[in-house]
Amino acid sequence: MQTACTKDELRALLAPVRGKKIVLVPTMGALHEGHATLLRQARALAGDSGCVVASVFLNPVQFDNAGDLAAYPQTPETDLLICRECGVDVVFMPTPDVMYCGDRSITLEETHLSTVLCGASRPGHFAGVCLVVNKLFNLVQPTDAIFGKKDYQQLAILRRMVRDLDIPITLHGAEIVRGEDGLALSSRNVRLTPAHRAAAPTIHRALSAAAAAYAAGAAAADVCAAVRRELTAIDGVKIDYVELVDAENLHAVTDEARPALLAVAAFFGDVRLIDNTELRRNV
Ligand code: PAF
């Protein structure tokens with residue numbers, strides 16, 4: 001495994017593999033088993049002859065809240081160990097100064113899918129994600145990239161970016177990785193208090209019950225209300241949103257025959273957790 005800290009180092013490491021399958025897994029570091037799963041999928045997709053690239057970059061541009069950025073865990077040594085164990089070939093670990101010019105003045109804004117769910121409560125977040133992912137795509141020029149479905153909206157927006165900008169990269173969505181108690185793995189979980197860590201699996205339990213109820217015909221509003229009730233019963237939890245939307249355009253469901261998405265964001269103390277489940281009517 002080789003590590004690049006500058007764009008020139010990255011280009012030099014990738015020059016010999018141009019023309020082969022190059023699979024990129026962008027991350028913000030603080031890697032856990034969820035990322036490891038993406039990295040192993042990348043290794044399998046690239047095969048023996050291809051190249052797996054992981055980026056580890058805590059992207060300041062996608063944080064709308066300075067406190068959230070400052071509190072974001074950073075574990076570079078462990079990240080490198082996990083990358084090595086998962087068979088990554090090249091790790092790109094730039095600093096913000098390497099990544100961005102001080103007087104950068106181009107923004108990249110998706111204007112439909114970004115207006116709802118996390119986009120509604122985190123202004124500028126997805127523009128920051130699109131900007132950094134676009135830069136990573138240009139720098140690495142992968143054939144494929146893998147993103148986790150826990151950030152379902154992010155994946156939908158990046159798919160739209162690839163489609164609308166004709167970016168010649170195949171995106172793959174990886175299933176959510178959960179702990180044994182059902183809590184979706186997240187770099188933010190380590191910041192939960194013991195009480196909130198114990199209560200956090202409620203999110204997944206409530207989403208699973210809601211998925212079953214929706215499949216059996218329950219109304220969208222009732223399904224969301226049931227999830228809200230479960231979460232508001234937990235001390236110190238503040239719901240950001242609980243919404244049932246069309247799984248593709250992320251706006252209100254207009255055709256119940258199409259796949260839907262039930263998405264949740266909630267603050268457990270000052271830790272914002274997200275989770276989701278894909279839904280279908282059993283008809
Ligand atoms: O999902 C993440 O960790 C980040 O949003 C990403 C895609 C690495 C961009 O910084």
# chains A, B, ... in the order shown; residues from 1 in each chain; ligands from 1
$ residues_around --residues "Tyr152 (chain A)" --least-positions-apart "2" --cutoff "10 Å" --atoms "only C-alpha atoms" --output "list of chain:residue names"
A:Phe147, A:Gly148, A:Lys149, A:Lys150, A:Gln154, A:Leu155, A:Ala156, A:Ile157, A:Leu158, A:Gly173, A:Ala174, A:Glu175, A:Ile176, A:Ala247, A:Glu248, A:Leu250, A:Leu261, A:Ala263, A:Ile274, A:Asp275, A:Asn276, A:Thr277, A:Glu278
$ residues_near_ligand --ligand "ligand 1" --cutoff "10 Å" --atoms "only C-alpha atoms and all ligand atoms" --output "ChimeraX atom specification"
/A:25-31,35,54-63,125-126,128-134,136,146-152,154-155,158,186-187
$ select_by_dssp --residues "region 71-153 of chain A" --states "strand (DSSP E or B)" --output "number ranges by chain"
A: 90-92, 144-148
$ closest_residue --among "A:Val177, A:Ala216, A:Val271, A:Cys101" --to "Leu192 (chain A)" --atoms "only C-alpha atoms"
A:Val271
$ closest_residue --among "A:Asp246, A:Asp97, A:Asp235, A:Glu109" --to "Thr6 (chain A)" --atoms "only C-alpha atoms"
A:Asp97
$ select_by_dssp --residues "region 104-265 of chain A" --states "alpha helix (DSSP H)" --output "PyMOL selection string"
chain A and resi 117-121+125-140+152-164+194-199+202-215+220-232
$ residues_around --residues "region 220-229 of chain A" --least-positions-apart "2" --cutoff "7 Å" --atoms "only C-alpha atoms" --output "list in words"
Ala206, Leu207, Ala210, Ala213, Tyr214, Ala218, Leu231, Thr232, Ala233, Val242, Glu243 and Leu244 of chain A
$ closest_residue --among "A:Arg104, A:His32, A:Lys135, A:His172" --to "Asn189 (chain A)" --atoms "only C-alpha atoms"
A:His32
$ residues_around --residues "Asp8 (chain A)" --least-positions-apart "5" --cutoff "12 Å" --atoms "only C-alpha atoms" --output "PDB file with all heavy atoms, in the first residue's frame"
ATOM      1  N   THR A   3       0.989   5.679   0.089  1.00  0.00           N
ATOM      2  CA  THR A   3       0.213   6.840   0.545  1.00  0.00           C
ATOM      3  C   THR A   3       0.656   8.086  -0.203  1.00  0.00           C
ATOM      4  O   THR A   3       1.858   8.314  -0.374  1.00  0.00           O
ATOM      5  CB  THR A   3       0.461   7.051   2.058  1.00  0.00           C
ATOM      6  OG1 THR A   3       0.132   5.837   2.717  1.00  0.00           O
ATOM      7  CG2 THR A   3      -0.434   8.149   2.620  1.00  0.00           C
ATOM      8  N   LEU A  13       1.545   7.981  -8.471  1.00  0.00           N
ATOM      9  CA  LEU A  13       1.233   6.605  -8.054  1.00  0.00           C
ATOM     10  C   LEU A  13       0.217   5.955  -8.992  1.00  0.00           C
ATOM     11  O   LEU A  13       0.229   4.739  -9.185  1.00  0.00           O
ATOM     12  CB  LEU A  13       0.676   6.593  -6.619  1.00  0.00           C
ATOM     13  CG  LEU A  13       1.675   6.864  -5.492  1.00  0.00           C
ATOM     14  CD1 LEU A  13       0.978   6.847  -4.139  1.00  0.00           C
ATOM     15  CD2 LEU A  13       2.782   5.806  -5.508  1.00  0.00           C
ATOM     16  N   LEU A  14      -0.664   6.783  -9.565  1.00  0.00           N
ATOM     17  CA  LEU A  14      -1.722   6.206 -10.404  1.00  0.00           C
ATOM     18  C   LEU A  14      -1.315   6.075 -11.873  1.00  0.00           C
ATOM     19  O   LEU A  14      -1.963   5.327 -12.620  1.00  0.00           O
ATOM     20  CB  LEU A  14      -3.012   7.030 -10.280  1.00  0.00           C
ATOM     21  CG  LEU A  14      -3.664   6.985  -8.886  1.00  0.00           C
ATOM     22  CD1 LEU A  14      -4.917   7.839  -8.842  1.00  0.00           C
ATOM     23  CD2 LEU A  14      -4.000   5.538  -8.503  1.00  0.00           C
ATOM     24  N   ALA A  15      -0.245   6.745 -12.263  1.00  0.00           N
ATOM     25  CA  ALA A  15       0.161   6.708 -13.691  1.00  0.00           C
ATOM     26  C   ALA A  15       0.294   5.274 -14.220  1.00  0.00           C
ATOM     27  O   ALA A  15      -0.211   4.965 -15.303  1.00  0.00           O
ATOM     28  CB  ALA A  15       1.457   7.495 -13.884  1.00  0.00           C
ATOM     29  N   PHE A  92      -5.063   8.340  -0.439  1.00  0.00           N
ATOM     30  CA  PHE A  92      -4.829   9.767  -0.685  1.00  0.00           C
ATOM     31  C   PHE A  92      -5.273  10.514   0.570  1.00  0.00           C
ATOM     32  O   PHE A  92      -6.439  10.463   0.944  1.00  0.00           O
ATOM     33  CB  PHE A  92      -5.636  10.219  -1.908  1.00  0.00           C
ATOM     34  CG  PHE A  92      -5.454  11.671  -2.262  1.00  0.00           C
ATOM     35  CD1 PHE A  92      -4.196  12.270  -2.238  1.00  0.00           C
ATOM     36  CD2 PHE A  92      -6.544  12.434  -2.651  1.00  0.00           C
ATOM     37  CE1 PHE A  92      -4.030  13.607  -2.584  1.00  0.00           C
ATOM     38  CE2 PHE A  92      -6.387  13.772  -3.002  1.00  0.00           C
ATOM     39  CZ  PHE A  92      -5.124  14.354  -2.965  1.00  0.00           C
ATOM     40  N   PRO A  94      -4.825  14.158   1.705  1.00  0.00           N
ATOM     41  CA  PRO A  94      -4.367  15.544   1.575  1.00  0.00           C
ATOM     42  C   PRO A  94      -4.792  16.384   2.773  1.00  0.00           C
ATOM     43  O   PRO A  94      -5.708  16.002   3.509  1.00  0.00           O
ATOM     44  CB  PRO A  94      -5.104  16.023   0.321  1.00  0.00           C
ATOM     45  CG  PRO A  94      -6.392  15.245   0.348  1.00  0.00           C
ATOM     46  CD  PRO A  94      -6.098  13.919   0.995  1.00  0.00           C
ATOM     47  N   VAL A  98      -3.814  21.509   0.638  1.00  0.00           N
ATOM     48  CA  VAL A  98      -3.451  20.796  -0.593  1.00  0.00           C
ATOM     49  C   VAL A  98      -4.684  20.676  -1.483  1.00  0.00           C
ATOM     50  O   VAL A  98      -4.631  20.854  -2.693  1.00  0.00           O
ATOM     51  CB  VAL A  98      -2.884  19.389  -0.246  1.00  0.00           C
ATOM     52  CG1 VAL A  98      -2.878  18.481  -1.464  1.00  0.00           C
ATOM     53  CG2 VAL A  98      -1.488  19.509   0.343  1.00  0.00           C
ATOM     54  N   MET A  99      -5.798  20.392  -0.850  1.00  0.00           N
ATOM     55  CA  MET A  99      -7.015  20.106  -1.612  1.00  0.00           C
ATOM     56  C   MET A  99      -7.596  21.365  -2.263  1.00  0.00           C
ATOM     57  O   MET A  99      -8.022  21.326  -3.416  1.00  0.00           O
ATOM     58  CB  MET A  99      -8.042  19.488  -0.650  1.00  0.00           C
ATOM     59  CG  MET A  99      -9.120  18.717  -1.319  1.00  0.00           C
ATOM     60  SD  MET A  99      -8.441  17.326  -2.257  1.00  0.00           S
ATOM     61  CE  MET A  99      -9.939  16.632  -2.872  1.00  0.00           C
ATOM     62  N   LEU A 139      -9.120  14.012  -9.853  1.00  0.00           N
ATOM     63  CA  LEU A 139      -7.749  13.675  -9.457  1.00  0.00           C
ATOM     64  C   LEU A 139      -7.452  12.185  -9.663  1.00  0.00           C
ATOM     65  O   LEU A 139      -6.411  11.813 -10.182  1.00  0.00           O
ATOM     66  CB  LEU A 139      -7.525  14.041  -7.983  1.00  0.00           C
ATOM     67  CG  LEU A 139      -7.469  15.537  -7.692  1.00  0.00           C
ATOM     68  CD1 LEU A 139      -7.672  15.801  -6.203  1.00  0.00           C
ATOM     69  CD2 LEU A 139      -6.130  16.100  -8.152  1.00  0.00           C
ATOM     70  N   VAL A 140      -8.396  11.349  -9.235  1.00  0.00           N
ATOM     71  CA  VAL A 140      -8.167   9.893  -9.276  1.00  0.00           C
ATOM     72  C   VAL A 140      -8.557   9.321 -10.642  1.00  0.00           C
ATOM     73  O   VAL A 140      -7.969   8.360 -11.116  1.00  0.00           O
ATOM     74  CB  VAL A 140      -8.963   9.198  -8.141  1.00  0.00           C
ATOM     75  CG1 VAL A 140      -8.834   7.682  -8.206  1.00  0.00           C
ATOM     76  CG2 VAL A 140      -8.501   9.711  -6.771  1.00  0.00           C
TER      77      VAL A 140
END
$ closest_residue --among "A:Glu33, A:Cys83, A:Arg191, A:Gln41" --to "Asp144 (chain A)" --atoms "only C-alpha atoms"
A:Gln41
$ residues_around --residues "Gln2 (chain A)" --least-positions-apart "2" --cutoff "12 Å" --atoms "only C-alpha atoms" --output "ChimeraX atom specification"
/A:4-5,9-10,12-14,51-55,80-81,83-84,87-93
$ closest_residue --among "A:Gln141, A:Thr75, A:Thr193, A:Asn249" --to "Leu113 (chain A)" --atoms "only C-alpha atoms"
A:Asn249
$ decode --residues "region 141-160 of chain A" --atoms "N, CA, C and O atoms" --output "mmCIF file, in the first residue's frame"
data_model
loop_
_atom_site.group_PDB
_atom_site.id
_atom_site.type_symbol
_atom_site.label_atom_id
_atom_site.label_comp_id
_atom_site.auth_asym_id
_atom_site.auth_seq_id
_atom_site.Cartn_x
_atom_site.Cartn_y
_atom_site.Cartn_z
ATOM 1 N N GLN A 141 -9.562 9.931 -11.279
ATOM 2 C CA GLN A 141 -10.131 9.407 -12.536
ATOM 3 C C GLN A 141 -10.424 7.912 -12.424
ATOM 4 O O GLN A 141 -9.902 7.099 -13.201
ATOM 5 N N PRO A 142 -11.254 7.568 -11.426
ATOM 6 C CA PRO A 142 -11.570 6.145 -11.256
ATOM 7 C C PRO A 142 -12.545 5.674 -12.334
ATOM 8 O O PRO A 142 -13.220 6.486 -12.965
ATOM 9 N N THR A 143 -12.614 4.347 -12.510
ATOM 10 C CA THR A 143 -13.668 3.789 -13.369
ATOM 11 C C THR A 143 -14.943 3.619 -12.550
ATOM 12 O O THR A 143 -16.047 3.667 -13.084
ATOM 13 N N ASP A 144 -14.776 3.393 -11.238
ATOM 14 C CA ASP A 144 -15.893 3.094 -10.339
ATOM 15 C C ASP A 144 -15.678 3.804 -8.998
ATOM 16 O O ASP A 144 -14.533 4.023 -8.601
ATOM 17 N N ALA A 145 -16.776 4.091 -8.313
ATOM 18 C CA ALA A 145 -16.660 4.629 -6.954
ATOM 19 C C ALA A 145 -17.773 4.025 -6.111
ATOM 20 O O ALA A 145 -18.871 3.750 -6.616
ATOM 21 N N ILE A 146 -17.471 3.801 -4.829
ATOM 22 C CA ILE A 146 -18.444 3.154 -3.940
ATOM 23 C C ILE A 146 -18.807 4.102 -2.797
ATOM 24 O O ILE A 146 -17.921 4.694 -2.161
ATOM 25 N N PHE A 147 -20.110 4.232 -2.528
ATOM 26 C CA PHE A 147 -20.608 5.070 -1.434
ATOM 27 C C PHE A 147 -21.625 4.253 -0.633
ATOM 28 O O PHE A 147 -22.369 3.447 -1.200
ATOM 29 N N GLY A 148 -21.668 4.495 0.677
ATOM 30 C CA GLY A 148 -22.602 3.753 1.533
ATOM 31 C C GLY A 148 -24.010 4.325 1.441
ATOM 32 O O GLY A 148 -24.209 5.518 1.235
ATOM 33 N N LYS A 149 -24.994 3.426 1.600
ATOM 34 C CA LYS A 149 -26.392 3.871 1.527
ATOM 35 C C LYS A 149 -26.890 4.501 2.823
ATOM 36 O O LYS A 149 -28.032 4.928 2.897
ATOM 37 N N LYS A 150 -26.049 4.511 3.877
ATOM 38 C CA LYS A 150 -26.495 5.232 5.076
ATOM 39 C C LYS A 150 -26.705 6.700 4.702
ATOM 40 O O LYS A 150 -27.656 7.331 5.129
ATOM 41 N N ASP A 151 -25.793 7.212 3.891
ATOM 42 C CA ASP A 151 -25.950 8.565 3.344
ATOM 43 C C ASP A 151 -26.701 8.452 2.019
ATOM 44 O O ASP A 151 -26.168 8.737 0.949
ATOM 45 N N TYR A 152 -27.948 8.020 2.118
ATOM 46 C CA TYR A 152 -28.741 7.704 0.928
ATOM 47 C C TYR A 152 -28.900 8.937 0.043
ATOM 48 O O TYR A 152 -28.784 8.874 -1.180
ATOM 49 N N GLN A 153 -29.173 10.075 0.695
ATOM 50 C CA GLN A 153 -29.394 11.311 -0.068
ATOM 51 C C GLN A 153 -28.106 11.711 -0.794
ATOM 52 O O GLN A 153 -28.132 12.147 -1.945
ATOM 53 N N GLN A 154 -26.976 11.561 -0.107
ATOM 54 C CA GLN A 154 -25.688 11.875 -0.725
ATOM 55 C C GLN A 154 -25.488 11.030 -1.984
ATOM 56 O O GLN A 154 -25.097 11.548 -3.035
ATOM 57 N N LEU A 155 -25.785 9.733 -1.875
ATOM 58 C CA LEU A 155 -25.612 8.848 -3.027
ATOM 59 C C LEU A 155 -26.543 9.279 -4.172
ATOM 60 O O LEU A 155 -26.120 9.326 -5.337
ATOM 61 N N ALA A 156 -27.788 9.623 -3.836
ATOM 62 C CA ALA A 156 -28.744 10.043 -4.873
ATOM 63 C C ALA A 156 -28.250 11.315 -5.573
ATOM 64 O O ALA A 156 -28.338 11.448 -6.799
ATOM 65 N N ILE A 157 -27.706 12.236 -4.801
ATOM 66 C CA ILE A 157 -27.223 13.505 -5.366
ATOM 67 C C ILE A 157 -25.976 13.256 -6.227
ATOM 68 O O ILE A 157 -25.825 13.826 -7.310
ATOM 69 N N LEU A 158 -25.102 12.374 -5.756
ATOM 70 C CA LEU A 158 -23.888 12.086 -6.538
ATOM 71 C C LEU A 158 -24.245 11.349 -7.830
ATOM 72 O O LEU A 158 -23.635 11.579 -8.876
ATOM 73 N N ARG A 159 -25.265 10.490 -7.765
ATOM 74 C CA ARG A 159 -25.725 9.833 -9.005
ATOM 75 C C ARG A 159 -26.220 10.887 -9.984
ATOM 76 O O ARG A 159 -25.988 10.808 -11.189
ATOM 77 N N ARG A 160 -26.945 11.870 -9.456
ATOM 78 C CA ARG A 160 -27.461 12.958 -10.298
ATOM 79 C C ARG A 160 -26.303 13.772 -10.882
ATOM 80 O O ARG A 160 -26.327 14.157 -12.052
#
